[in-house]
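What's in start_17.cif: mmCIF, C-alpha atoms
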```
data_model
#
loop_
_atom_site.label_atom_id
_atom_site.label_comp_id
_atom_site.auth_asym_id
_atom_site.auth_seq_id
_atom_site.Cartn_x
_atom_site.Cartn_y
_atom_site.Cartn_z
CA MET A 138 20.90 -11.48 -64.71
CA THR A 139 17.10 -11.63 -65.00
CA GLY A 140 16.86 -13.77 -61.86
CA ALA A 141 19.02 -11.33 -59.90
CA LEU A 142 16.82 -8.43 -61.01
CA VAL A 143 13.67 -10.28 -59.96
CA ALA A 144 15.21 -11.14 -56.58
CA GLY A 145 16.19 -7.49 -56.09
CA ALA A 146 12.67 -6.44 -56.95
CA VAL A 147 11.26 -8.83 -54.35
CA VAL A 148 13.61 -7.48 -51.69
CA LEU A 149 12.78 -3.88 -52.56
CA ALA A 150 9.07 -4.64 -52.49
CA PHE A 151 9.42 -6.20 -49.06
CA ALA A 152 11.41 -3.19 -47.83
CA GLY A 153 8.79 -0.82 -49.20
CA ALA A 154 6.00 -2.77 -47.53
CA TRP A 155 7.96 -2.68 -44.26
CA GLN A 156 8.39 1.10 -44.55
CA LEU A 157 4.73 1.55 -45.36
CA ALA A 158 3.77 -0.58 -42.38
CA GLY A 159 5.93 1.60 -40.16
CA ALA A 160 4.24 4.76 -41.41
CA HIS A 161 0.70 3.42 -41.36
CA GLY A 162 0.99 0.55 -38.91
CA GLU A 163 -2.52 0.51 -37.52
CA GLY A 164 -4.22 0.68 -40.91
CA VAL A 165 -1.98 -2.04 -42.32
CA ALA A 166 -2.64 -4.21 -39.27
CA ARG A 167 -6.40 -3.83 -39.70
CA SER A 168 -6.13 -4.67 -43.40
CA ALA A 169 -3.95 -7.69 -42.62
CA ARG A 170 -6.45 -8.91 -40.03
CA ARG A 171 -9.32 -8.55 -42.51
CA ALA A 172 -7.36 -10.40 -45.20
CA LEU A 173 -6.43 -13.13 -42.73
CA THR A 174 -10.06 -13.49 -41.69
CA ARG A 175 -11.17 -13.84 -45.32
CA VAL A 176 -8.45 -16.33 -46.20
CA THR A 177 -9.19 -18.56 -43.20
CA ALA A 178 -12.97 -18.22 -43.52
CA GLY A 179 -13.30 -16.40 -40.24
CA ARG A 180 -11.28 -18.90 -38.19
CA ALA A 181 -8.32 -16.57 -37.62
CA GLY A 182 -8.54 -12.79 -37.30
CA THR A 183 -5.42 -12.18 -35.22
CA LEU A 184 -1.88 -13.53 -35.10
CA ALA A 185 -2.74 -15.59 -32.02
CA GLU A 186 -5.71 -17.20 -33.76
CA ALA A 187 -3.58 -17.81 -36.86
CA ALA A 188 -0.94 -19.51 -34.69
CA LEU A 189 -3.63 -21.70 -33.13
CA ALA A 190 -5.07 -22.57 -36.54
CA LEU A 191 -1.61 -23.58 -37.78
CA GLY A 192 -0.81 -25.62 -34.64
CA VAL A 193 2.20 -23.49 -33.71
CA PRO A 194 1.72 -23.60 -29.89
CA GLU A 195 1.47 -27.39 -29.94
CA ARG A 196 4.66 -27.71 -31.96
CA LEU A 197 6.47 -25.33 -29.63
CA GLY A 198 5.30 -27.33 -26.63
CA ARG A 199 6.48 -30.63 -28.08
CA ALA A 200 9.82 -29.06 -28.95
CA GLY A 201 10.23 -27.69 -25.40
CA LEU A 202 10.31 -24.07 -26.63
CA ALA A 203 6.93 -22.89 -25.36
CA GLY A 204 8.40 -20.41 -22.87
CA ARG A 205 11.38 -19.40 -25.00
CA VAL A 206 10.01 -18.77 -28.49
CA SER A 207 6.73 -16.97 -29.08
CA PRO A 208 4.28 -18.09 -31.78
CA ALA A 209 4.66 -14.67 -33.44
CA VAL A 210 8.35 -15.41 -34.05
CA VAL A 211 7.44 -18.70 -35.73
CA LEU A 212 4.82 -16.97 -37.89
CA ALA A 213 7.40 -14.35 -38.86
CA GLY A 214 9.82 -17.14 -39.75
CA LYS A 215 7.17 -18.80 -41.90
CA GLY A 216 6.54 -15.55 -43.75
CA ALA A 217 10.26 -14.95 -44.22
CA GLY A 218 10.65 -18.53 -45.44
CA ALA A 219 7.91 -18.03 -48.02
CA ILE A 220 9.57 -14.82 -49.26
CA GLY A 221 12.93 -16.58 -49.34
CA GLY A 222 11.38 -19.40 -51.36
CA LEU A 223 10.03 -16.91 -53.88
CA ALA A 224 13.45 -15.23 -54.10
CA ALA A 225 15.12 -18.61 -54.66
CA ALA A 226 12.52 -19.42 -57.31
CA SER A 227 13.22 -16.14 -59.10
CA VAL A 228 16.89 -17.10 -59.29
CA ALA A 229 16.24 -20.70 -60.39
CA LEU A 230 13.43 -20.04 -62.88
CA PRO A 231 15.62 -19.10 -65.86
CA ALA A 232 17.41 -22.45 -65.66
CA LEU A 233 14.19 -24.51 -65.61
CA PRO A 234 12.03 -25.66 -68.54
CA GLY A 235 8.85 -23.77 -69.27
CA ARG A 236 6.44 -26.14 -67.54
CA LEU A 237 8.51 -26.44 -64.40
CA GLN A 238 8.66 -22.68 -64.02
CA LEU A 239 4.93 -22.61 -63.29
CA VAL A 240 5.33 -25.18 -60.51
CA ALA A 241 8.69 -24.24 -59.01
CA ALA A 242 7.72 -20.85 -57.57
CA PRO A 243 4.66 -22.08 -55.60
CA LEU A 244 6.49 -25.19 -54.42
CA LEU A 245 9.50 -23.24 -53.15
CA ALA A 246 7.24 -20.70 -51.45
CA VAL A 247 5.31 -23.49 -49.72
CA ALA A 248 8.57 -25.22 -48.76
CA GLY A 249 9.87 -22.01 -47.19
CA PHE A 250 6.57 -21.54 -45.37
CA LEU A 251 6.73 -25.07 -43.95
CA ALA A 252 10.45 -25.01 -43.10
CA PRO A 253 9.94 -23.70 -39.50
CA ASP A 254 7.41 -26.48 -38.87
CA ALA A 255 9.93 -29.06 -40.07
CA LEU A 256 12.60 -27.62 -37.78
CA LEU A 257 10.23 -27.67 -34.79
CA ASP A 258 9.20 -31.26 -35.53
CA ARG A 259 12.84 -32.32 -35.76
CA THR A 260 13.59 -30.60 -32.44
CA ALA A 261 10.59 -32.36 -30.90
CA ARG A 262 11.81 -35.77 -32.14
CA LEU A 263 15.29 -35.22 -30.73
CA ARG A 264 13.83 -34.00 -27.43
CA ARG A 265 11.56 -37.03 -27.19
CA ALA A 266 14.51 -39.34 -27.89
CA ARG A 267 16.43 -37.75 -25.02
CA LEU A 268 13.40 -38.06 -22.76
CA VAL A 269 12.87 -41.74 -23.55
CA ALA A 270 16.58 -42.44 -23.02
CA SER A 271 16.43 -41.01 -19.48
CA LEU A 272 13.10 -42.63 -18.60
CA PRO A 273 14.38 -46.06 -17.36
CA ASP A 274 16.49 -44.46 -14.61
CA ALA A 275 13.51 -42.36 -13.53
CA LEU A 276 11.33 -45.48 -13.46
CA ASP A 277 13.89 -47.19 -11.22
CA LEU A 278 13.76 -44.22 -8.83
CA LEU A 279 9.97 -44.31 -8.84
CA ALA A 280 10.05 -48.05 -8.16
CA VAL A 281 12.41 -47.60 -5.20
CA GLY A 282 10.21 -44.82 -3.85
CA ALA A 283 7.06 -46.90 -4.25
CA ALA A 284 8.72 -49.87 -2.53
CA SER A 285 9.56 -47.63 0.43
CA GLY A 286 5.98 -46.36 0.67
CA ARG A 287 6.46 -42.91 -0.90
CA ALA A 288 3.92 -41.33 -3.21
CA PRO A 289 4.81 -41.08 -6.92
CA ALA A 290 4.29 -37.30 -6.86
CA ALA A 291 6.97 -36.88 -4.17
CA VAL A 292 9.49 -38.90 -6.18
CA MET A 293 8.61 -36.94 -9.32
CA ARG A 294 9.24 -33.72 -7.42
CA GLU A 295 12.72 -34.90 -6.43
CA ILE A 296 13.52 -36.03 -9.99
CA SER A 297 12.41 -32.70 -11.44
CA ALA A 298 14.35 -30.73 -8.81
CA ARG A 299 17.63 -32.65 -9.04
CA GLY A 300 17.57 -33.81 -12.64
CA ALA A 301 18.07 -32.01 -15.91
CA GLY A 302 16.78 -32.47 -19.41
CA PRO A 303 13.36 -32.80 -21.02
CA LEU A 304 12.07 -35.48 -18.64
CA ALA A 305 12.82 -33.33 -15.59
CA GLU A 306 11.07 -30.39 -17.28
CA GLU A 307 7.95 -32.41 -18.06
CA LEU A 308 7.82 -33.89 -14.56
CA ALA A 309 8.21 -30.39 -13.11
CA ILE A 310 5.13 -29.29 -15.07
CA THR A 311 3.21 -32.33 -13.84
CA VAL A 312 4.20 -31.67 -10.21
CA ALA A 313 3.22 -28.01 -10.55
CA GLU A 314 -0.21 -29.06 -11.83
CA LEU A 315 -0.62 -31.42 -8.88
CA ASP A 316 0.38 -28.65 -6.45
CA CYS A 317 -2.23 -26.36 -8.02
CA GLY A 318 -4.99 -28.85 -7.25
CA THR A 319 -5.20 -30.81 -10.50
CA GLY A 320 -6.14 -34.44 -10.05
CA GLN A 321 -3.50 -37.09 -10.57
CA ALA A 322 -5.34 -38.60 -13.53
CA GLU A 323 -5.67 -35.22 -15.26
CA ALA A 324 -2.01 -34.32 -14.60
CA LEU A 325 -0.80 -37.64 -16.03
CA ALA A 326 -3.12 -37.23 -19.01
CA GLY A 327 -1.57 -33.81 -19.66
CA LEU A 328 1.89 -35.42 -19.50
CA ARG A 329 0.83 -37.95 -22.15
CA GLU A 330 -0.54 -35.18 -24.37
CA ARG A 331 2.64 -33.09 -24.15
CA VAL A 332 4.89 -36.05 -24.93
CA PRO A 333 3.15 -38.36 -27.40
CA GLY A 334 4.16 -41.98 -27.36
CA GLY A 335 3.50 -45.14 -25.45
CA GLU A 336 6.30 -44.83 -22.88
CA LEU A 337 4.79 -42.09 -20.71
CA GLY A 338 1.33 -43.41 -21.45
CA ALA A 339 2.31 -46.73 -19.89
CA LEU A 340 3.76 -44.91 -16.88
CA GLY A 341 0.56 -42.95 -16.30
CA ALA A 342 -1.60 -46.06 -16.75
CA THR A 343 0.53 -48.00 -14.27
CA ILE A 344 0.32 -45.29 -11.61
CA GLU A 345 -3.44 -44.92 -12.07
CA ARG A 346 -4.00 -48.69 -11.98
CA SER A 347 -2.04 -48.94 -8.75
CA ARG A 348 -4.00 -46.07 -7.22
CA ARG A 349 -7.38 -47.50 -8.15
CA TYR A 350 -6.90 -51.21 -7.65
CA GLY A 351 -3.92 -51.42 -5.31
CA SER A 352 -1.70 -53.37 -7.70
CA PRO A 353 2.03 -53.50 -6.78
CA LEU A 354 3.53 -50.37 -8.30
CA ALA A 355 7.23 -51.04 -7.71
CA GLU A 356 7.27 -54.34 -9.63
CA GLN A 357 5.44 -52.87 -12.62
CA LEU A 358 7.74 -49.85 -12.79
CA SER A 359 10.82 -52.07 -12.64
CA ALA A 360 9.39 -54.24 -15.42
CA GLN A 361 8.76 -51.15 -17.55
CA ALA A 362 12.33 -49.94 -16.98
CA SER A 363 13.71 -53.33 -18.05
CA ALA A 364 11.49 -53.35 -21.14
CA LEU A 365 12.64 -49.86 -22.14
CA ARG A 366 16.29 -50.85 -21.74
CA ALA A 367 15.70 -53.96 -23.84
CA ASP A 368 14.05 -51.83 -26.55
CA ALA A 369 17.01 -49.43 -26.50
CA ALA A 370 19.46 -52.33 -26.83
CA ARG A 371 17.45 -53.75 -29.73
CA ARG A 372 17.49 -50.38 -31.50
CA VAL A 373 21.27 -50.20 -31.07
CA GLU A 374 21.63 -53.70 -32.53
CA GLU A 375 19.39 -52.78 -35.48
CA ALA A 376 21.43 -49.65 -36.13
CA ALA A 377 24.62 -51.71 -35.98
CA SER A 378 23.21 -54.27 -38.41
CA ARG A 379 22.24 -51.49 -40.82
CA SER A 380 25.72 -50.01 -40.63
CA ALA A 381 27.43 -53.25 -41.75
CA PRO A 382 26.53 -52.83 -45.47
CA LYS A 383 27.69 -49.22 -45.33
CA ILE A 384 31.06 -50.31 -43.93
CA GLN A 385 31.36 -52.94 -46.65
CA LEU A 386 30.58 -50.30 -49.27
CA VAL A 387 33.31 -48.06 -47.91
CA VAL A 388 35.76 -50.95 -47.90
CA ALA A 389 34.86 -51.93 -51.46
CA LEU A 390 34.91 -48.42 -52.92
CA VAL A 391 37.65 -46.72 -50.90
CA LEU A 392 40.00 -49.06 -49.05
CA VAL A 393 40.42 -51.76 -51.70
CA PRO A 394 41.10 -49.28 -54.55
CA SER A 395 43.56 -47.37 -52.36
CA VAL A 396 45.48 -50.58 -51.55
CA LEU A 397 45.53 -51.52 -55.23
CA LEU A 398 46.83 -48.07 -56.12
CA MET A 399 49.61 -48.41 -53.56
CA ILE A 400 50.59 -51.80 -55.02
CA LEU A 401 50.49 -50.35 -58.55
CA ALA A 402 52.65 -47.40 -57.48
CA ALA A 403 55.20 -49.78 -55.93
CA ILE A 404 55.27 -51.85 -59.12
CA LEU A 405 55.76 -48.78 -61.30
CA ALA A 406 58.50 -47.44 -59.01
CA HIS A 407 60.45 -50.68 -59.31
CA SER A 408 59.55 -51.46 -62.91
CA GLY A 409 63.12 -50.82 -64.11
CA ALA A 410 64.61 -53.26 -61.64
CA LEU A 411 62.00 -55.84 -62.58
CA ARG A 412 62.80 -55.53 -66.28
CA ARG A 413 66.54 -55.91 -65.65
CA SER A 414 65.97 -58.96 -63.50
CA LEU A 415 63.82 -60.54 -66.21
CA ARG A 416 66.60 -60.04 -68.78
#
```
What is this structure when it is put down as structure tokens?
Amino acid sequence: MTGALVAGAVVLAFAGAWQLAGAHGEGVARSARRALTRVTAGRAGTLAEAALALGVPERLGRAGLAGRVSPAVVLAGKGAGAIGGLAAASVALPALPGRLQLVAAPLLAVAGFLAPDALLDRTARLRRARLVASLPDALDLLAVGAASGRAPAAVMREISARGAGPLAEELAITVAELDCGTGQAEALAGLRERVPGGELGALGATIERSRRYGSPLAEQLSAQASALRADAARRVEEAASRSAPKIQLVVALVLVPSVLLMILAAILAHSGALRRSLR
């Protein structure tokens, strides 16, 4: 009951603050900016500066949500997560020992504050996995284009126009930068920064090496595509080898007991006939 009352008090306090902000929005905003400036030692005085200080735009870019979700929404989610963590702590505190009560509330508030970052990082990992999975086919297309004498930028433009997924989106950004006058080295460096990892870094290095020194581009791109496919096959084999103990555990704990229970049920069902036959 005490936890429910504390949670209700937190919700009512939040609602009152929201109402007060609606009535005196400009004054509250100025006070919030001053408090934010003091807390961050002058590094963030606005929501945009706070988002930059927390690395929100970079996380949104890696997750592919830069044009769909604004940093203000993420900051609002972090604040709501912190309030939700405090509400959850108010409910869980009565069931915890005395020492843990002092630690649980701050930890849950911090966990709620960091939850949007964890979700963005997970989205970025899944997006990068999809991008790497589609990269060998794109490398084969680039190799065919290079063998026929076409520029890599032209092939990238076709891949971004006809393809779909995170790789097509990133190549579209790279092609747009090239069309706006950005040098090829700078555009490829931006591609490596947006998608961290060695796969796209190797692609950019190969294209730049071919441009500077005239090394055969098609052969190197084909070799990279083969290496990526071999890495993907090795990861599948490793996942399959890790799944074997799990299958054995299921067999030992589920299938074998179920078969033994069926045999025991059959024995019990025919126990009378067995006793008569033994007599």
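Taking CA of Ala229 (chain A) and CA of Pro243 (chain A) as the two end points, the separation is 12.6 Å.
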Next on the checklist: Counting only C-alpha atoms, which residue out of A:Ala301, A:Ala355, A:Ala203, A:Ala225 sits closest to Ser285 (chain A)?
Outcome noted: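 Among A:Ala301, A:Ala355, A:Ala203, A:Ala225, it is A:Ala355 that comes nearest to Ser285 (chain A).
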Item to check | Separation of CA of Val312 (chain A) from CA of Arg294 (chain A), in Å and rounded to one decimal | outcome: 6.1 Å
Item to check | Atomic separation - CA of Leu272 (chain A) relative to CA of Gln361 (chain A), Å | outcome: 9.6 Å
Item to check | Evaluate the PyMOL selection byres ((chain A and resi 253) around 9) and report residues as a PyMOL selection string | outcome: chain A and resi 211-212+214-215+218+249-252+254-258
Residue subset to file, keeping C-alpha atoms, as a PDB file, keeping the file's coordinate frame:
```
ATOM      1  CA  VAL A 211       7.440 -18.700 -35.730  1.00  0.00           C
ATOM      2  CA  LEU A 212       4.820 -16.970 -37.890  1.00  0.00           C
ATOM      3  CA  GLY A 214       9.820 -17.140 -39.750  1.00  0.00           C
ATOM      4  CA  LYS A 215       7.170 -18.800 -41.900  1.00  0.00           C
ATOM      5  CA  GLY A 218      10.650 -18.530 -45.440  1.00  0.00           C
ATOM      6  CA  GLY A 249       9.870 -22.010 -47.190  1.00  0.00           C
ATOM      7  CA  PHE A 250       6.570 -21.540 -45.370  1.00  0.00           C
ATOM      8  CA  LEU A 251       6.730 -25.070 -43.950  1.00  0.00           C
ATOM      9  CA  ALA A 252      10.450 -25.010 -43.100  1.00  0.00           C
ATOM     10  CA  ASP A 254       7.410 -26.480 -38.870  1.00  0.00           C
ATOM     11  CA  ALA A 255       9.930 -29.060 -40.070  1.00  0.00           C
ATOM     12  CA  LEU A 256      12.600 -27.620 -37.780  1.00  0.00           C
ATOM     13  CA  LEU A 257      10.230 -27.670 -34.790  1.00  0.00           C
ATOM     14  CA  ASP A 258       9.200 -31.260 -35.530  1.00  0.00           C
TER      15      ASP A 258
END
```
Item to check | Picked residues, the PyMOL selection byres ((chain A and resi 328) around 12), as a ChimeraX atom specification | outcome: /A:198-199,303-315,321-327,329-342
Kindly provide the residues of region 349-392 of chain A that approach region 263-270 of chain A to within 9 Å, each paired with its closest atom pair and their distance in Å to one decimal, based on all atoms listed in the file, listed by chain and increasing number, as a Markdown table.
```
| residue | atom | partner | partner_atom | distance |
| --- | --- | --- | --- | --- |
| A:Leu365 | CA | A:Val269 | CA | 8.2 |
| A:Arg366 | CA | A:Ala270 | CA | 8.5 |
| A:Ala369 | CA | A:Ala270 | CA | 7.8 |
```
